[in-house]
>>> print(open('protein-v8.cif').read())   # mmCIF, C-alpha atoms
data_final
loop_
_atom_site.label_atom_id
_atom_site.label_comp_id
_atom_site.auth_asym_id
_atom_site.auth_seq_id
_atom_site.Cartn_x
_atom_site.Cartn_y
_atom_site.Cartn_z
CA MET A 1 -3.01 -12.28 -22.27
CA GLY A 2 -4.08 -8.69 -23.01
CA SER A 3 -4.06 -5.74 -20.63
CA ILE A 4 -5.35 -5.42 -17.09
CA LYS A 5 -7.57 -2.35 -16.90
CA ILE A 6 -7.08 -0.55 -13.60
CA ALA A 7 -8.64 2.44 -11.87
CA ILE A 8 -6.88 4.41 -9.13
CA VAL A 9 -8.29 6.35 -6.18
CA GLY A 10 -5.76 8.93 -5.00
CA VAL A 11 -3.23 10.09 -7.60
CA GLY A 12 -0.45 10.71 -5.10
CA ASN A 13 3.15 9.58 -4.78
CA CYS A 14 2.30 5.87 -4.75
CA ALA A 15 0.18 6.17 -7.88
CA SER A 16 2.97 8.17 -9.51
CA SER A 17 5.50 5.41 -8.84
CA LEU A 18 3.13 2.70 -10.06
CA ILE A 19 2.34 4.49 -13.33
CA GLN A 20 5.97 5.42 -13.91
CA GLY A 21 6.81 1.76 -13.34
CA ILE A 22 4.33 0.49 -15.92
CA GLU A 23 6.04 2.64 -18.55
CA TYR A 24 9.56 2.01 -17.22
CA TYR A 25 9.37 -1.75 -17.74
CA LYS A 26 8.02 -1.55 -21.29
CA GLY A 27 10.51 -2.90 -23.80
CA LYS A 28 12.56 -4.64 -21.13
CA GLN A 29 13.23 -8.34 -20.87
CA ALA A 30 12.99 -10.38 -17.68
CA SER A 31 16.79 -10.61 -17.44
CA GLU A 32 17.18 -6.81 -17.28
CA ALA A 33 14.12 -5.94 -15.20
CA ILE A 34 15.56 -4.87 -11.86
CA GLY A 35 13.38 -4.52 -8.79
CA LEU A 36 10.50 -6.88 -9.51
CA MET A 37 9.48 -9.89 -7.43
CA HIS A 38 7.77 -11.41 -10.48
CA TRP A 39 8.25 -10.62 -14.16
CA ASP A 40 5.38 -12.87 -15.22
CA ILE A 41 2.24 -13.61 -13.19
CA GLY A 42 -0.19 -15.87 -14.99
CA GLY A 43 1.01 -14.56 -18.34
CA TYR A 44 0.68 -10.89 -17.33
CA LYS A 45 3.81 -8.71 -17.49
CA PRO A 46 4.33 -5.45 -15.52
CA TYR A 47 3.60 -3.31 -18.57
CA ASP A 48 0.26 -5.06 -19.19
CA LEU A 49 -1.44 -2.74 -16.71
CA GLN A 50 -3.54 -0.03 -18.37
CA ILE A 51 -4.92 3.00 -16.53
CA VAL A 52 -8.54 3.52 -17.56
CA ALA A 53 -9.89 5.71 -14.71
CA ALA A 54 -8.52 7.83 -11.88
CA PHE A 55 -10.05 9.85 -9.05
CA ASP A 56 -8.59 12.59 -6.86
CA ILE A 57 -9.76 15.77 -5.11
CA ASP A 58 -6.78 18.11 -5.62
CA GLN A 59 -7.32 21.00 -8.04
CA ARG A 60 -3.81 20.53 -9.47
CA LYS A 61 -4.72 17.01 -10.63
CA VAL A 62 -8.46 16.94 -11.35
CA GLY A 63 -9.13 17.46 -15.06
CA LYS A 64 -5.56 16.68 -16.11
CA ASP A 65 -4.33 13.65 -17.99
CA VAL A 66 -3.05 11.04 -15.53
CA ALA A 67 0.42 11.34 -17.11
CA GLU A 68 0.55 15.00 -16.00
CA ALA A 69 -1.27 14.60 -12.69
CA ILE A 70 1.26 12.11 -11.29
CA PHE A 71 3.93 14.83 -11.35
CA ALA A 72 1.74 17.62 -9.91
CA PRO A 73 2.23 18.95 -6.35
CA PRO A 74 2.13 17.90 -3.60
CA ASN A 75 3.66 14.76 -5.14
CA CYS A 76 7.36 14.64 -4.34
CA THR A 77 8.52 11.11 -5.07
CA LYS A 78 11.55 10.31 -7.18
CA VAL A 79 11.05 10.60 -10.94
CA PHE A 80 12.63 7.49 -12.46
CA CYS A 81 10.62 7.58 -15.71
CA ASP A 82 10.06 11.12 -17.01
CA HIS A 83 8.61 10.10 -20.38
CA VAL A 84 5.18 8.79 -19.35
CA PRO A 85 3.02 9.35 -22.46
CA GLN A 86 -0.45 10.86 -22.39
CA THR A 87 -2.94 8.21 -21.31
CA GLY A 88 -6.09 9.82 -22.66
CA VAL A 89 -7.57 9.41 -19.17
CA GLN A 90 -8.42 12.53 -17.21
CA VAL A 91 -8.40 12.52 -13.43
CA GLU A 92 -12.00 12.82 -12.24
CA MET A 93 -13.16 14.64 -9.14
CA GLY A 94 -13.83 12.09 -6.45
CA ALA A 95 -15.58 12.33 -3.08
CA VAL A 96 -13.75 14.08 -0.23
CA LEU A 97 -15.55 12.67 2.83
CA ASP A 98 -12.84 12.19 5.51
CA GLY A 99 -10.02 11.95 2.97
CA VAL A 100 -8.53 15.32 3.99
CA ALA A 101 -7.66 15.80 7.65
CA PRO A 102 -8.52 19.24 9.11
CA HIS A 103 -4.91 19.98 10.04
CA MET A 104 -3.90 19.69 6.37
CA ASN A 105 -5.87 22.86 5.57
CA GLY A 106 -3.94 26.12 5.47
CA ALA A 107 -0.51 24.56 5.12
CA ASP A 108 1.96 25.56 2.40
CA ALA A 109 0.41 24.35 -0.88
CA LYS A 110 3.44 22.24 -1.81
CA TYR A 111 2.99 20.18 1.35
CA THR A 112 -0.77 19.66 1.39
CA PHE A 113 -3.95 19.11 -0.63
CA ILE A 114 -5.93 21.88 -2.31
CA ILE A 115 -9.51 20.73 -2.71
CA SER A 116 -10.87 21.31 -6.21
CA ASP A 117 -13.95 23.50 -6.59
CA ARG A 118 -15.47 20.98 -8.99
CA PRO A 119 -18.57 19.17 -7.70
CA GLU A 120 -17.89 15.98 -5.83
CA GLN A 121 -19.12 12.84 -7.51
CA SER A 122 -21.75 10.58 -5.97
CA LYS A 123 -21.43 6.84 -5.63
CA THR A 124 -23.69 6.48 -8.68
CA ASP A 125 -21.36 8.74 -10.70
CA ILE A 126 -18.24 6.81 -9.73
CA VAL A 127 -19.82 3.40 -10.31
CA SER A 128 -20.90 4.62 -13.75
CA SER A 129 -17.36 5.85 -14.52
CA LEU A 130 -15.85 2.53 -13.46
CA GLN A 131 -18.27 0.57 -15.60
CA LYS A 132 -17.88 2.81 -18.66
CA SER A 133 -14.10 2.67 -18.40
CA GLY A 134 -14.08 -1.13 -18.33
CA ALA A 135 -11.99 -1.12 -15.14
CA GLU A 136 -11.28 -4.56 -13.73
CA VAL A 137 -9.27 -3.64 -10.61
CA LEU A 138 -9.65 -0.58 -8.37
CA VAL A 139 -6.49 0.37 -6.44
CA ASN A 140 -7.04 2.36 -3.25
CA TYR A 141 -4.33 4.92 -2.45
CA LEU A 142 -6.30 7.26 -0.15
CA PRO A 143 -4.61 8.90 2.86
CA VAL A 144 -4.28 6.96 6.11
CA GLY A 145 -7.31 7.39 8.35
CA SER A 146 -9.84 7.85 5.52
CA GLN A 147 -12.34 5.38 6.98
CA GLU A 148 -15.49 6.79 5.36
CA ALA A 149 -13.82 7.40 2.02
CA VAL A 150 -12.32 3.91 1.78
CA GLU A 151 -15.66 2.30 2.64
CA PHE A 152 -17.33 4.54 0.04
CA TYR A 153 -14.96 3.36 -2.72
CA ALA A 154 -15.17 -0.26 -1.57
CA GLU A 155 -18.92 0.00 -2.06
CA CYS A 156 -18.31 1.52 -5.51
CA ALA A 157 -16.11 -1.46 -6.40
CA LEU A 158 -18.80 -3.90 -5.27
CA ASP A 159 -21.55 -2.10 -7.20
CA ALA A 160 -19.40 -1.85 -10.33
CA GLY A 161 -18.22 -5.47 -10.13
CA VAL A 162 -14.57 -4.41 -9.91
CA ALA A 163 -11.83 -6.17 -7.91
CA PHE A 164 -10.26 -4.17 -5.06
CA VAL A 165 -6.65 -3.79 -3.92
CA ASN A 166 -6.63 -1.93 -0.59
CA CYS A 167 -3.20 -0.40 -0.07
CA ILE A 168 -3.95 1.50 3.14
CA PRO A 169 -4.68 0.54 6.76
CA VAL A 170 -8.44 0.96 6.75
CA PHE A 171 -9.57 -2.59 7.35
CA ILE A 172 -11.68 -3.99 4.52
CA ALA A 173 -10.28 -7.40 3.52
CA SER A 174 -9.45 -8.14 7.17
CA GLN A 175 -12.92 -7.10 8.37
CA PRO A 176 -15.31 -10.10 8.16
CA LEU A 177 -18.34 -7.99 7.20
CA TRP A 178 -16.56 -6.52 4.17
CA ALA A 179 -14.81 -9.77 3.28
CA ASP A 180 -18.20 -11.50 3.20
CA LYS A 181 -19.58 -8.79 0.90
CA PHE A 182 -16.84 -9.36 -1.65
CA LYS A 183 -17.29 -13.12 -1.40
CA HIS A 184 -21.06 -12.79 -1.85
CA HIS A 185 -20.56 -10.69 -4.98
CA GLN A 186 -17.85 -13.08 -6.27
CA ILE A 187 -15.36 -10.20 -6.49
CA PRO A 188 -11.71 -10.70 -5.43
CA ILE A 189 -10.05 -8.41 -2.91
CA ILE A 190 -6.46 -8.15 -1.65
CA GLY A 191 -5.77 -6.20 1.56
CA ASP A 192 -5.06 -4.52 3.87
CA ASP A 193 -2.15 -2.03 3.99
CA ILE A 194 0.59 -2.66 1.46
CA LYS A 195 3.82 -4.21 2.72
CA SER A 196 6.67 -2.50 0.87
CA GLN A 197 9.21 -4.41 -1.19
CA PHE A 198 12.06 -3.78 1.26
CA GLY A 199 10.54 -1.59 3.93
CA ALA A 200 10.52 -1.20 7.67
CA THR A 201 7.79 -3.75 8.33
CA ILE A 202 9.17 -6.57 6.18
CA SER A 203 12.65 -5.96 7.65
CA HIS A 204 11.30 -5.90 11.21
CA ARG A 205 9.28 -9.09 10.62
CA THR A 206 12.31 -10.84 9.14
CA LEU A 207 14.49 -9.93 12.11
CA VAL A 208 12.05 -11.09 14.80
CA ASP A 209 11.33 -14.26 12.80
CA LEU A 210 15.09 -14.87 12.67
CA CYS A 211 15.22 -14.46 16.45
CA LYS A 212 12.48 -17.06 16.81
CA LYS A 213 14.28 -19.54 14.54
CA ARG A 214 17.62 -19.00 16.30
CA GLY A 215 16.22 -19.36 19.81
CA VAL A 216 16.60 -15.69 20.77
CA LYS A 217 14.01 -14.43 23.24
CA VAL A 218 12.75 -11.01 22.11
CA GLU A 219 11.84 -8.91 25.14
CA ARG A 220 11.34 -5.41 23.70
CA THR A 221 11.30 -3.81 20.27
CA TYR A 222 10.49 -0.58 18.51
CA GLN A 223 10.24 0.79 15.01
CA LEU A 224 10.36 4.57 14.53
CA ASN A 225 9.78 6.11 11.11
CA THR A 226 10.20 9.61 9.69
CA GLY A 227 9.33 11.00 6.26
CA GLY A 228 8.43 14.19 4.43
CA ASN A 229 5.57 13.29 2.07
CA THR A 230 1.88 14.11 2.49
CA ASP A 231 1.32 10.70 4.09
CA PHE A 232 3.60 11.59 7.00
CA ARG A 233 2.12 15.09 7.27
CA ASN A 234 -1.38 13.58 7.27
CA MET A 235 -0.37 11.27 10.12
CA LEU A 236 0.56 14.19 12.38
CA ASP A 237 -3.10 13.95 13.37
CA ARG A 238 -2.66 11.07 15.81
CA SER A 239 -6.40 10.30 15.72
CA ARG A 240 -5.89 9.00 12.15
CA LEU A 241 -3.20 6.59 13.27
CA ASP A 242 -5.14 3.92 15.15
CA SER A 243 -5.51 1.52 12.24
CA LYS A 244 -1.99 2.26 10.92
CA LYS A 245 -0.39 1.52 14.26
CA GLU A 246 -2.47 -1.63 14.69
CA SER A 247 -1.58 -2.80 11.18
CA LYS A 248 2.17 -2.32 11.61
CA THR A 249 2.22 -3.68 15.17
CA GLU A 250 0.25 -6.82 14.34
CA ALA A 251 2.50 -7.45 11.33
CA VAL A 252 5.40 -7.81 13.79
CA GLN A 253 3.47 -9.52 16.60
CA GLY A 254 2.19 -12.04 14.05
CA VAL A 255 5.62 -13.60 13.53
CA ILE A 256 7.23 -13.12 16.95
CA ALA A 257 7.80 -16.27 19.05
CA LYS A 258 5.81 -15.00 22.02
CA ARG A 259 3.46 -12.04 21.77
CA LEU A 260 4.87 -9.01 23.59
CA GLU A 261 2.99 -6.91 26.10
CA ASP A 262 1.81 -3.58 24.70
CA GLU A 263 4.37 -1.65 26.75
CA ASP A 264 7.23 -3.68 25.25
CA ILE A 265 6.51 -3.00 21.57
CA HIS A 266 6.16 0.26 19.68
CA VAL A 267 5.70 0.20 15.92
CA GLY A 268 4.44 3.16 13.97
CA PRO A 269 4.99 6.47 12.20
CA SER A 270 6.84 8.89 14.39
CA ASP A 271 7.35 12.30 12.81
CA TYR A 272 7.17 14.48 9.72
CA VAL A 273 10.38 16.00 8.33
CA PRO A 274 9.53 18.08 5.22
CA TRP A 275 12.98 18.04 3.64
CA GLN A 276 12.97 14.23 3.54
CA LYS A 277 10.19 14.41 0.91
CA ASP A 278 9.36 10.83 -0.15
CA ASN A 279 12.43 9.39 1.58
CA LYS A 280 11.50 7.30 4.60
CA VAL A 281 13.97 6.56 7.36
CA ALA A 282 13.22 3.72 9.77
CA PHE A 283 14.97 3.00 13.06
CA ILE A 284 14.49 -0.51 14.45
CA ARG A 285 15.71 -1.80 17.80
CA ILE A 286 15.37 -5.30 19.23
CA GLU A 287 16.38 -6.26 22.77
CA GLY A 288 16.47 -9.86 23.94
CA LYS A 289 18.33 -12.76 25.52
CA LEU A 290 20.69 -15.31 24.00
CA PHE A 291 22.09 -18.59 25.33
CA GLY A 292 22.49 -18.53 29.11
CA ASP A 293 20.14 -15.52 29.41
CA VAL A 294 22.94 -13.31 28.08
CA PRO A 295 21.53 -9.98 26.83
CA MET A 296 21.72 -8.81 23.21
CA ASN A 297 20.42 -5.85 21.28
CA LEU A 298 20.26 -4.89 17.62
CA GLU A 299 19.96 -1.44 16.02
CA MET A 300 19.08 -0.99 12.35
CA ARG A 301 18.62 2.11 10.19
CA LEU A 302 16.88 1.79 6.83
CA SER A 303 16.52 4.60 4.27
CA VAL A 304 14.25 4.04 1.25
CA GLU A 305 12.22 6.02 -1.27
CA ASP A 306 8.80 5.19 0.12
CA SER A 307 6.51 5.13 -2.92
CA PRO A 308 8.56 3.11 -5.45
CA ASN A 309 9.14 0.69 -2.58
CA SER A 310 5.39 0.02 -2.38
CA ALA A 311 4.75 0.10 -6.15
CA GLY A 312 6.97 -2.94 -6.62
CA VAL A 313 4.49 -4.92 -4.53
CA VAL A 314 1.26 -3.34 -5.81
CA ILE A 315 2.15 -4.26 -9.38
CA ASP A 316 2.12 -7.91 -8.27
CA ALA A 317 -1.03 -7.54 -6.16
CA ILE A 318 -2.94 -6.15 -9.14
CA ARG A 319 -1.88 -9.05 -11.34
CA CYS A 320 -2.87 -11.58 -8.66
CA CYS A 321 -6.26 -9.85 -8.38
CA LYS A 322 -6.67 -10.27 -12.14
CA LEU A 323 -5.89 -13.97 -11.78
CA GLY A 324 -8.69 -14.13 -9.22
CA LEU A 325 -11.05 -12.54 -11.74
CA ASP A 326 -9.91 -14.89 -14.51
CA ARG A 327 -10.49 -17.90 -12.28
CA GLY A 328 -13.84 -16.75 -10.90
CA ILE A 329 -12.57 -16.53 -7.32
CA GLY A 330 -14.55 -14.17 -5.08
CA GLY A 331 -13.69 -12.76 -1.68
CA VAL A 332 -10.30 -12.38 -0.03
CA LEU A 333 -7.35 -13.85 -1.91
CA THR A 334 -5.68 -15.30 1.18
CA ALA A 335 -2.17 -16.04 -0.07
CA PRO A 336 -1.49 -12.74 -1.90
CA SER A 337 -3.02 -10.80 1.00
CA ALA A 338 -0.70 -12.53 3.46
CA TYR A 339 2.39 -11.93 1.32
CA PHE A 340 1.70 -8.41 0.03
CA MET A 341 -0.12 -6.83 2.98
CA LYS A 342 0.68 -5.89 6.57
CA HIS A 343 -2.80 -6.62 7.93
CA PRO A 344 -4.29 -9.57 6.04
CA PRO A 345 -7.22 -11.54 7.47
CA GLN A 346 -4.72 -14.20 8.58
CA GLN A 347 -1.04 -13.69 9.38
CA PHE A 348 1.59 -16.15 8.17
CA THR A 349 5.36 -15.94 8.26
CA ASP A 350 6.77 -14.36 5.11
CA ASP A 351 8.29 -17.71 4.08
CA GLU A 352 4.90 -19.38 4.36
CA ALA A 353 3.11 -16.53 2.60
CA TYR A 354 5.69 -16.58 -0.19
CA GLN A 355 5.23 -20.29 -0.81
CA MET A 356 1.44 -19.91 -0.71
CA THR A 357 1.55 -17.06 -3.21
CA GLU A 358 3.82 -18.97 -5.58
CA ALA A 359 1.35 -21.87 -5.40
CA PHE A 360 -1.56 -19.49 -6.09
CA ILE A 361 0.19 -18.03 -9.13
CA SER A 362 1.07 -21.43 -10.59
CA GLU A 363 -2.39 -23.01 -10.13
#
>>> encode(input="protein-v8.cif", output="structure tokens")
Amino acid sequence: MGSIKIAIVGVGNCASSLIQGIEYYKGKQASEAIGLMHWDIGGYKPYDLQIVAAFDIDQRKVGKDVAEAIFAPPNCTKVFCDHVPQTGVQVEMGAVLDGVAPHMNGADAKYTFIISDRPEQSKTDIVSSLQKSGAEVLVNYLPVGSQEAVEFYAECALDAGVAFVNCIPVFIASQPLWADKFKHHQIPIIGDDIKSQFGATISHRTLVDLCKKRGVKVERTYQLNTGGNTDFRNMLDRSRLDSKKESKTEAVQGVIAKRLEDEDIHVGPSDYVPWQKDNKVAFIRIEGKLFGDVPMNLEMRLSVEDSPNSAGVVIDAIRCCKLGLDRGIGGVLTAPSAYFMKHPPQQFTDDEAYQMTEAFISE
């Protein structure tokens, strides 16, 4: 089938895990490939992804080969493939816009971004780079709350004719105005806000869906998360959390039997613990009633390495986006968005979304 040429915005922990993963699965067979939801999607294997362009704003990454940049500070995710070969692709200076929160300035360099002194690129520059590179899919890994920056790169994707996978909770695919733009340009998009392979949101959704199927009335629930990567530090600015909290909350509300009042549900990032690095710990509690109105409650603690957990889903989302390109489908890819993302344009249960995605892949 050939390679899928991808460009990445934000060469952070998630990009590091994705690129490590592409190399990690080379030479493996389906029977020995642990941790993938799909080995083959429309003839494309995990190692068929090829990095052809990358953009960042950190001086420790800009100008370096992508293979070096993914291990540069402040990245702190687990290294599971330390032999990523040189890609021949240098990380280009992107556009800062609102991508760096003010409170990130002045922190210890290993925990924050250091803005490069290279000139920022314009939309024309980035569109030109995407076109010259031959990129087919642009993957957005910008920090949470980067509304202007995400919209800027979405416009770049539209102008360059490149498909878009939006991994963060700035609403593009789930915003009708943007969805219509991608449909008008006949460019596929999958979004918004990646749902990790086995993360807090998918676990929480599964539990409340189980309650619904077993006749348990859910009355209250919370999900509290801590982590020590730049994403969690970035989210200490609560003003950047509105879309993240909405995305995670609606992912749970979307499968619960009866929508809870706002005061009875809390889902969202909670605190930054530097020594956790890329480890994320989630605490989930569900309170409800069983047969005869007898009370029940459930407590769950989940500990995962955050970025590899998301890369296992992104690697499928990219391949589904490529299928959209191959088939001439423009606009939101409904089934993959519902299965891979927390805040798709339309919520389905994970069972429904899974079946829809399998049908999409096998068309």
>>> resolve_selection(input="protein-v8.cif", expression="the PyMOL selection byres ((chain A and resi 273) around 6)", output="list in words")
Gly227, Gly228, Tyr272, Pro274, Trp275 and Gln276 of chain A
>>> residues_around(input="protein-v8.cif", residues="region 303-310 of chain A", least_positions_apart="3", cutoff="8 Å", atoms="only C-alpha atoms", output="ChimeraX atom specification")
/A:13-14,17-18,77-78,194-199,278-282,313-314
>>> atom_distance(input="protein-v8.cif", atom1="CA of Ala317 (chain A)", atom2="CA of Ala338 (chain A)")
10.8 Å
>>> resolve_selection(input="protein-v8.cif", expression="the PyMOL selection byres ((chain A and resi 202-214) around 9)", output="number ranges by chain")
A: 195-201, 215-218, 223, 251-258, 284-286, 288, 302, 342, 349-350
>>> residues_around(input="protein-v8.cif", residues="region 109-113 of chain A", least_positions_apart="4", cutoff="9 Å", atoms="all atoms listed in the file", output="ChimeraX atom specification")
/A:57-60,73-76,100,104-105,228-230,233-234,274
>>> write_last_selection(input="protein-v8.cif", atoms="C-alpha atoms", output="PDB file, in the coordinates of the input")
ATOM      1  CA  ILE A  57      -9.760  15.770  -5.110  1.00  0.00           C
ATOM      2  CA  ASP A  58      -6.780  18.110  -5.620  1.00  0.00           C
ATOM      3  CA  GLN A  59      -7.320  21.000  -8.040  1.00  0.00           C
ATOM      4  CA  ARG A  60      -3.810  20.530  -9.470  1.00  0.00           C
ATOM      5  CA  PRO A  73       2.230  18.950  -6.350  1.00  0.00           C
ATOM      6  CA  PRO A  74       2.130  17.900  -3.600  1.00  0.00           C
ATOM      7  CA  ASN A  75       3.660  14.760  -5.140  1.00  0.00           C
ATOM      8  CA  CYS A  76       7.360  14.640  -4.340  1.00  0.00           C
ATOM      9  CA  VAL A 100      -8.530  15.320   3.990  1.00  0.00           C
ATOM     10  CA  MET A 104      -3.900  19.690   6.370  1.00  0.00           C
ATOM     11  CA  ASN A 105      -5.870  22.860   5.570  1.00  0.00           C
ATOM     12  CA  GLY A 228       8.430  14.190   4.430  1.00  0.00           C
ATOM     13  CA  ASN A 229       5.570  13.290   2.070  1.00  0.00           C
ATOM     14  CA  THR A 230       1.880  14.110   2.490  1.00  0.00           C
ATOM     15  CA  ARG A 233       2.120  15.090   7.270  1.00  0.00           C
ATOM     16  CA  ASN A 234      -1.380  13.580   7.270  1.00  0.00           C
ATOM     17  CA  PRO A 274       9.530  18.080   5.220  1.00  0.00           C
TER      18      PRO A 274
END
>>> resolve_selection(input="protein-v8.cif", expression="the PyMOL selection byres ((chain A and resi 63) around 7)", output="list in words")
Lys61, Val62, Lys64, Asp65, Gln90, Val91 and Glu92 of chain A
>>> residues_around(input="protein-v8.cif", residues="Val162 (chain A)", least_positions_apart="4", cutoff="8 Å", atoms="all atoms listed in the file", output="PDB file with C-alpha atoms, keeping the file's coordinate frame")
ATOM      1  CA  LEU A 130     -15.850   2.530 -13.460  1.00  0.00           C
ATOM      2  CA  ALA A 135     -11.990  -1.120 -15.140  1.00  0.00           C
ATOM      3  CA  GLU A 136     -11.280  -4.560 -13.730  1.00  0.00           C
ATOM      4  CA  VAL A 137      -9.270  -3.640 -10.610  1.00  0.00           C
ATOM      5  CA  LEU A 138      -9.650  -0.580  -8.370  1.00  0.00           C
ATOM      6  CA  ALA A 157     -16.110  -1.460  -6.400  1.00  0.00           C
ATOM      7  CA  LEU A 158     -18.800  -3.900  -5.270  1.00  0.00           C
ATOM      8  CA  ILE A 187     -15.360 -10.200  -6.490  1.00  0.00           C
TER       9      ILE A 187
END
>>> atom_distance(input="protein-v8.cif", atom1="CA of Ser174 (chain A)", atom2="CA of Pro344 (chain A)")
5.5 Å
>>> closest_residue(input="protein-v8.cif", among="A:His266, A:His184, A:Arg220, A:Arg319", to="Leu298 (chain A)", atoms="all atoms listed in the file")
A:Arg220
>>> closest_residue(input="protein-v8.cif", among="A:Val144, A:Leu325, A:Val170, A:Ile41", to="Pro269 (chain A)", atoms="only C-alpha atoms")
A:Val144
>>> atom_distance(input="protein-v8.cif", atom1="CA of Glu68 (chain A)", atom2="CA of Cys167 (chain A)")
22.5 Å
>>> closest_residue(input="protein-v8.cif", among="A:Gly27, A:Gly330, A:Pro46, A:Gly2", to="Ile190 (chain A)", atoms="all atoms listed in the file")
A:Gly330
>>> decode(input="protein-v8.cif", residues="region 334-340 of chain A", atoms="all heavy atoms", output="PDB file, in the first residue's frame")
ATOM      1  N   THR A 334     -17.153   9.961  10.879  1.00  0.00           N
ATOM      2  CA  THR A 334     -18.008   9.813  12.068  1.00  0.00           C
ATOM      3  C   THR A 334     -17.624   8.630  12.942  1.00  0.00           C
ATOM      4  O   THR A 334     -17.482   8.764  14.159  1.00  0.00           O
ATOM      5  CB  THR A 334     -19.483   9.682  11.637  1.00  0.00           C
ATOM      6  OG1 THR A 334     -19.845  10.841  10.885  1.00  0.00           O
ATOM      7  CG2 THR A 334     -20.395   9.566  12.865  1.00  0.00           C
ATOM      8  N   ALA A 335     -17.475   7.457  12.336  1.00  0.00           N
ATOM      9  CA  ALA A 335     -17.214   6.253  13.129  1.00  0.00           C
ATOM     10  C   ALA A 335     -15.868   6.315  13.841  1.00  0.00           C
ATOM     11  O   ALA A 335     -15.801   6.136  15.069  1.00  0.00           O
ATOM     12  CB  ALA A 335     -17.319   5.009  12.245  1.00  0.00           C
ATOM     13  N   PRO A 336     -14.752   6.573  13.141  1.00  0.00           N
ATOM     14  CA  PRO A 336     -13.467   6.672  13.840  1.00  0.00           C
ATOM     15  C   PRO A 336     -13.450   7.774  14.897  1.00  0.00           C
ATOM     16  O   PRO A 336     -12.830   7.612  15.950  1.00  0.00           O
ATOM     17  CB  PRO A 336     -12.468   6.955  12.710  1.00  0.00           C
ATOM     18  CG  PRO A 336     -13.109   6.418  11.480  1.00  0.00           C
ATOM     19  CD  PRO A 336     -14.569   6.669  11.670  1.00  0.00           C
ATOM     20  N   SER A 337     -14.123   8.892  14.612  1.00  0.00           N
ATOM     21  CA  SER A 337     -14.160   9.972  15.605  1.00  0.00           C
ATOM     22  C   SER A 337     -14.868   9.511  16.872  1.00  0.00           C
ATOM     23  O   SER A 337     -14.428   9.802  17.988  1.00  0.00           O
ATOM     24  CB  SER A 337     -14.869  11.209  15.031  1.00  0.00           C
ATOM     25  OG  SER A 337     -14.108  11.795  13.997  1.00  0.00           O
ATOM     26  N   ALA A 338     -15.953   8.780  16.710  1.00  0.00           N
ATOM     27  CA  ALA A 338     -16.705   8.299  17.874  1.00  0.00           C
ATOM     28  C   ALA A 338     -15.919   7.280  18.678  1.00  0.00           C
ATOM     29  O   ALA A 338     -16.025   7.227  19.911  1.00  0.00           O
ATOM     30  CB  ALA A 338     -18.041   7.701  17.419  1.00  0.00           C
ATOM     31  N   TYR A 339     -15.123   6.453  17.991  1.00  0.00           N
ATOM     32  CA  TYR A 339     -14.395   5.387  18.691  1.00  0.00           C
ATOM     33  C   TYR A 339     -13.076   5.874  19.278  1.00  0.00           C
ATOM     34  O   TYR A 339     -12.680   5.450  20.362  1.00  0.00           O
ATOM     35  CB  TYR A 339     -14.131   4.226  17.723  1.00  0.00           C
ATOM     36  CG  TYR A 339     -13.619   2.977  18.410  1.00  0.00           C
ATOM     37  CD1 TYR A 339     -14.239   2.469  19.547  1.00  0.00           C
ATOM     38  CD2 TYR A 339     -12.501   2.305  17.925  1.00  0.00           C
ATOM     39  CE1 TYR A 339     -13.777   1.327  20.177  1.00  0.00           C
ATOM     40  CE2 TYR A 339     -12.030   1.159  18.547  1.00  0.00           C
ATOM     41  CZ  TYR A 339     -12.665   0.673  19.671  1.00  0.00           C
ATOM     42  OH  TYR A 339     -12.198  -0.452  20.304  1.00  0.00           O
ATOM     43  N   PHE A 340     -12.387   6.769  18.583  1.00  0.00           N
ATOM     44  CA  PHE A 340     -11.051   7.180  18.994  1.00  0.00           C
ATOM     45  C   PHE A 340     -11.020   8.461  19.830  1.00  0.00           C
ATOM     46  O   PHE A 340      -9.995   8.759  20.440  1.00  0.00           O
ATOM     47  CB  PHE A 340     -10.165   7.408  17.759  1.00  0.00           C
ATOM     48  CG  PHE A 340      -9.988   6.203  16.878  1.00  0.00           C
ATOM     49  CD1 PHE A 340      -9.991   6.335  15.500  1.00  0.00           C
ATOM     50  CD2 PHE A 340      -9.813   4.938  17.414  1.00  0.00           C
ATOM     51  CE1 PHE A 340      -9.819   5.229  14.678  1.00  0.00           C
ATOM     52  CE2 PHE A 340      -9.643   3.826  16.605  1.00  0.00           C
ATOM     53  CZ  PHE A 340      -9.648   3.974  15.218  1.00  0.00           C
TER      54      PHE A 340
END
